[in-house]
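Inspection log for the structure reproduced underneath, given as structure tokens.
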Amino acid sequence: DRGLFSGLWHFPYARLGRRTTLPPQLRACLRRQRARLEAPRPLLRLNHPMTAGNLDLHVFLASAPHARAETHARWISPRGLRRTAMGAATRKILAATNLAG
């Protein structure tokens, strides 16, 4: 709600750390959203430099045919993504996956 990235949208995320499996927070998020991973391995990996350090992003593809949006979340069509305020890391994921067309 406040701070540097307030008002910007992003994909659901969780800190991976040194794990090789999905963290419990991300699994819980997928379960709440009635979503499932399409593959157990990342679709792609990206590095995103920031002032406070680099982000090593592991991007997974999920589907949610019976999605249920939470109060702090919403589902956006690929066309709608072009008009959504988001940070540079999220835009980098969109460009790499060509989700916004």
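Labels for the structure tokens follow display order: chains A, B, ..., residues from 1 in each chain, ligands from 1.
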Inset, instruction - May I have the residues within 6 Å of region 47-63 of chain A as a PyMOL selection string, using only C-alpha atoms and disregarding those fewer than 4 positions away in the same chain? - result: chain A and resi 35-38+42-43
Pull N, CA, C and O atoms from the residues just selected and write them as a PDB file, in the first residue's frame.
ATOM      1  N   ALA A  35      -4.944 -22.696  -8.507  1.00  0.00           N
ATOM      2  CA  ALA A  35      -4.044 -22.772  -9.662  1.00  0.00           C
ATOM      3  C   ALA A  35      -3.132 -23.981  -9.508  1.00  0.00           C
ATOM      4  O   ALA A  35      -2.943 -24.500  -8.412  1.00  0.00           O
ATOM      5  N   ARG A  36      -2.565 -24.403 -10.624  1.00  0.00           N
ATOM      6  CA  ARG A  36      -1.607 -25.508 -10.580  1.00  0.00           C
ATOM      7  C   ARG A  36      -0.468 -25.210 -11.533  1.00  0.00           C
ATOM      8  O   ARG A  36      -0.633 -24.554 -12.560  1.00  0.00           O
ATOM      9  N   LEU A  37       0.705 -25.708 -11.174  1.00  0.00           N
ATOM     10  CA  LEU A  37       1.878 -25.534 -12.032  1.00  0.00           C
ATOM     11  C   LEU A  37       1.750 -26.409 -13.260  1.00  0.00           C
ATOM     12  O   LEU A  37       1.281 -27.538 -13.187  1.00  0.00           O
ATOM     13  N   GLU A  38       2.205 -25.889 -14.372  1.00  0.00           N
ATOM     14  CA  GLU A  38       2.216 -26.664 -15.609  1.00  0.00           C
ATOM     15  C   GLU A  38       3.423 -27.589 -15.665  1.00  0.00           C
ATOM     16  O   GLU A  38       3.405 -28.584 -16.361  1.00  0.00           O
ATOM     17  N   PRO A  42      11.235 -24.333 -13.511  1.00  0.00           N
ATOM     18  CA  PRO A  42      10.948 -22.981 -14.004  1.00  0.00           C
ATOM     19  C   PRO A  42      10.845 -22.915 -15.522  1.00  0.00           C
ATOM     20  O   PRO A  42      11.586 -23.590 -16.240  1.00  0.00           O
ATOM     21  N   LEU A  43       9.926 -22.103 -15.993  1.00  0.00           N
ATOM     22  CA  LEU A  43       9.779 -21.820 -17.416  1.00  0.00           C
ATOM     23  C   LEU A  43      10.999 -21.050 -17.906  1.00  0.00           C
ATOM     24  O   LEU A  43      11.507 -21.282 -18.990  1.00  0.00           O
TER      25      LEU A  43
END
Inset, instruction - Taking the DSSP assignment computed from this structure's backbone, write out as number ranges by chain all residues of region 4-58 of chain A that belong to strand (DSSP E). - result: A: 36-37, 44-50, 53-58
Output N, CA and C atoms for every residue in the selection just made, as a PDB file, in the first residue's frame.
ATOM      1  N   ARG A  36      -2.565 -24.403 -10.624  1.00  0.00           N
ATOM      2  CA  ARG A  36      -1.607 -25.508 -10.580  1.00  0.00           C
ATOM      3  C   ARG A  36      -0.468 -25.210 -11.533  1.00  0.00           C
ATOM      4  N   LEU A  37       0.705 -25.708 -11.174  1.00  0.00           N
ATOM      5  CA  LEU A  37       1.878 -25.534 -12.032  1.00  0.00           C
ATOM      6  C   LEU A  37       1.750 -26.409 -13.260  1.00  0.00           C
ATOM      7  N   LEU A  44      11.470 -20.133 -17.077  1.00  0.00           N
ATOM      8  CA  LEU A  44      12.677 -19.371 -17.395  1.00  0.00           C
ATOM      9  C   LEU A  44      13.261 -18.800 -16.119  1.00  0.00           C
ATOM     10  N   ARG A  45      14.500 -18.378 -16.232  1.00  0.00           N
ATOM     11  CA  ARG A  45      15.205 -17.712 -15.120  1.00  0.00           C
ATOM     12  C   ARG A  45      15.759 -16.405 -15.654  1.00  0.00           C
ATOM     13  N   LEU A  46      15.561 -15.370 -14.875  1.00  0.00           N
ATOM     14  CA  LEU A  46      16.027 -14.040 -15.257  1.00  0.00           C
ATOM     15  C   LEU A  46      16.785 -13.420 -14.094  1.00  0.00           C
ATOM     16  N   ASN A  47      17.719 -12.549 -14.416  1.00  0.00           N
ATOM     17  CA  ASN A  47      18.403 -11.779 -13.395  1.00  0.00           C
ATOM     18  C   ASN A  47      17.948 -10.342 -13.553  1.00  0.00           C
ATOM     19  N   HIS A  48      17.611  -9.710 -12.438  1.00  0.00           N
ATOM     20  CA  HIS A  48      17.152  -8.327 -12.474  1.00  0.00           C
ATOM     21  C   HIS A  48      17.961  -7.509 -11.463  1.00  0.00           C
ATOM     22  N   PRO A  49      18.841  -6.618 -11.950  1.00  0.00           N
ATOM     23  CA  PRO A  49      19.646  -5.801 -11.033  1.00  0.00           C
ATOM     24  C   PRO A  49      18.803  -4.716 -10.369  1.00  0.00           C
ATOM     25  N   MET A  50      19.047  -4.525  -9.087  1.00  0.00           N
ATOM     26  CA  MET A  50      18.381  -3.466  -8.321  1.00  0.00           C
ATOM     27  C   MET A  50      19.434  -2.774  -7.467  1.00  0.00           C
ATOM     28  N   GLY A  53      20.578  -4.899  -4.592  1.00  0.00           N
ATOM     29  CA  GLY A  53      21.134  -6.203  -4.960  1.00  0.00           C
ATOM     30  C   GLY A  53      20.392  -6.782  -6.143  1.00  0.00           C
ATOM     31  N   ASN A  54      20.851  -7.902  -6.624  1.00  0.00           N
ATOM     32  CA  ASN A  54      20.229  -8.529  -7.792  1.00  0.00           C
ATOM     33  C   ASN A  54      19.130  -9.501  -7.380  1.00  0.00           C
ATOM     34  N   LEU A  55      18.093  -9.565  -8.196  1.00  0.00           N
ATOM     35  CA  LEU A  55      17.058 -10.571  -8.026  1.00  0.00           C
ATOM     36  C   LEU A  55      17.305 -11.677  -9.039  1.00  0.00           C
ATOM     37  N   ASP A  56      17.332 -12.895  -8.587  1.00  0.00           N
ATOM     38  CA  ASP A  56      17.423 -14.051  -9.476  1.00  0.00           C
ATOM     39  C   ASP A  56      16.014 -14.616  -9.542  1.00  0.00           C
ATOM     40  N   LEU A  57      15.316 -14.363 -10.638  1.00  0.00           N
ATOM     41  CA  LEU A  57      13.908 -14.717 -10.776  1.00  0.00           C
ATOM     42  C   LEU A  57      13.750 -16.088 -11.428  1.00  0.00           C
ATOM     43  N   HIS A  58      12.993 -16.953 -10.791  1.00  0.00           N
ATOM     44  CA  HIS A  58      12.646 -18.266 -11.333  1.00  0.00           C
ATOM     45  C   HIS A  58      11.159 -18.192 -11.656  1.00  0.00           C
TER      46      HIS A  58
END
Inset, instruction - Apply DSSP to the backbone of this structure and, from chain A, keep only the residues in helix (DSSP H, G or I); write these as a PyMOL selection string. - result: chain A and resi 24-32+78-81+88-97
Inset, instruction - Can you work out which one of A:Lys92, A:Arg27, A:Met86, A:Arg32 has the shortest atom-to-atom distance to Arg15 (chain A), counting only C-alpha atoms? - result: A:Arg27
Legend entry - Atom pair CA of Gly87 (chain A) / CA of Pro40 (chain A): separation (Å):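 Separating CA of Gly87 (chain A) from CA of Pro40 (chain A) is a distance of 26.0 Å.
Counting only C-alpha atoms and comparing A:Gln33, A:Phe5, A:Trp75, A:Phe11, the residue that lies closest to Thr90 (chain A) is A:Phe11.
Pairwise distance (CA of Ala64 (chain A), CA of Arg34 (chain A)) equals 6.0 Å.
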Inset, instruction - Pick out the closest residue to Leu8 (chain A) from this set: A:Ala89, A:Ile76, A:Thr97, A:Thr84. Count only C-alpha atoms. - result: A:Thr84
Inset, instruction - Work out how far CA of Pro78 (chain A) is from CA of Ala95 (chain A), in Å to one decimal. - result: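 Separation between CA of Ala95 (chain A) and CA of Pro78 (chain A): 11.8 Å.
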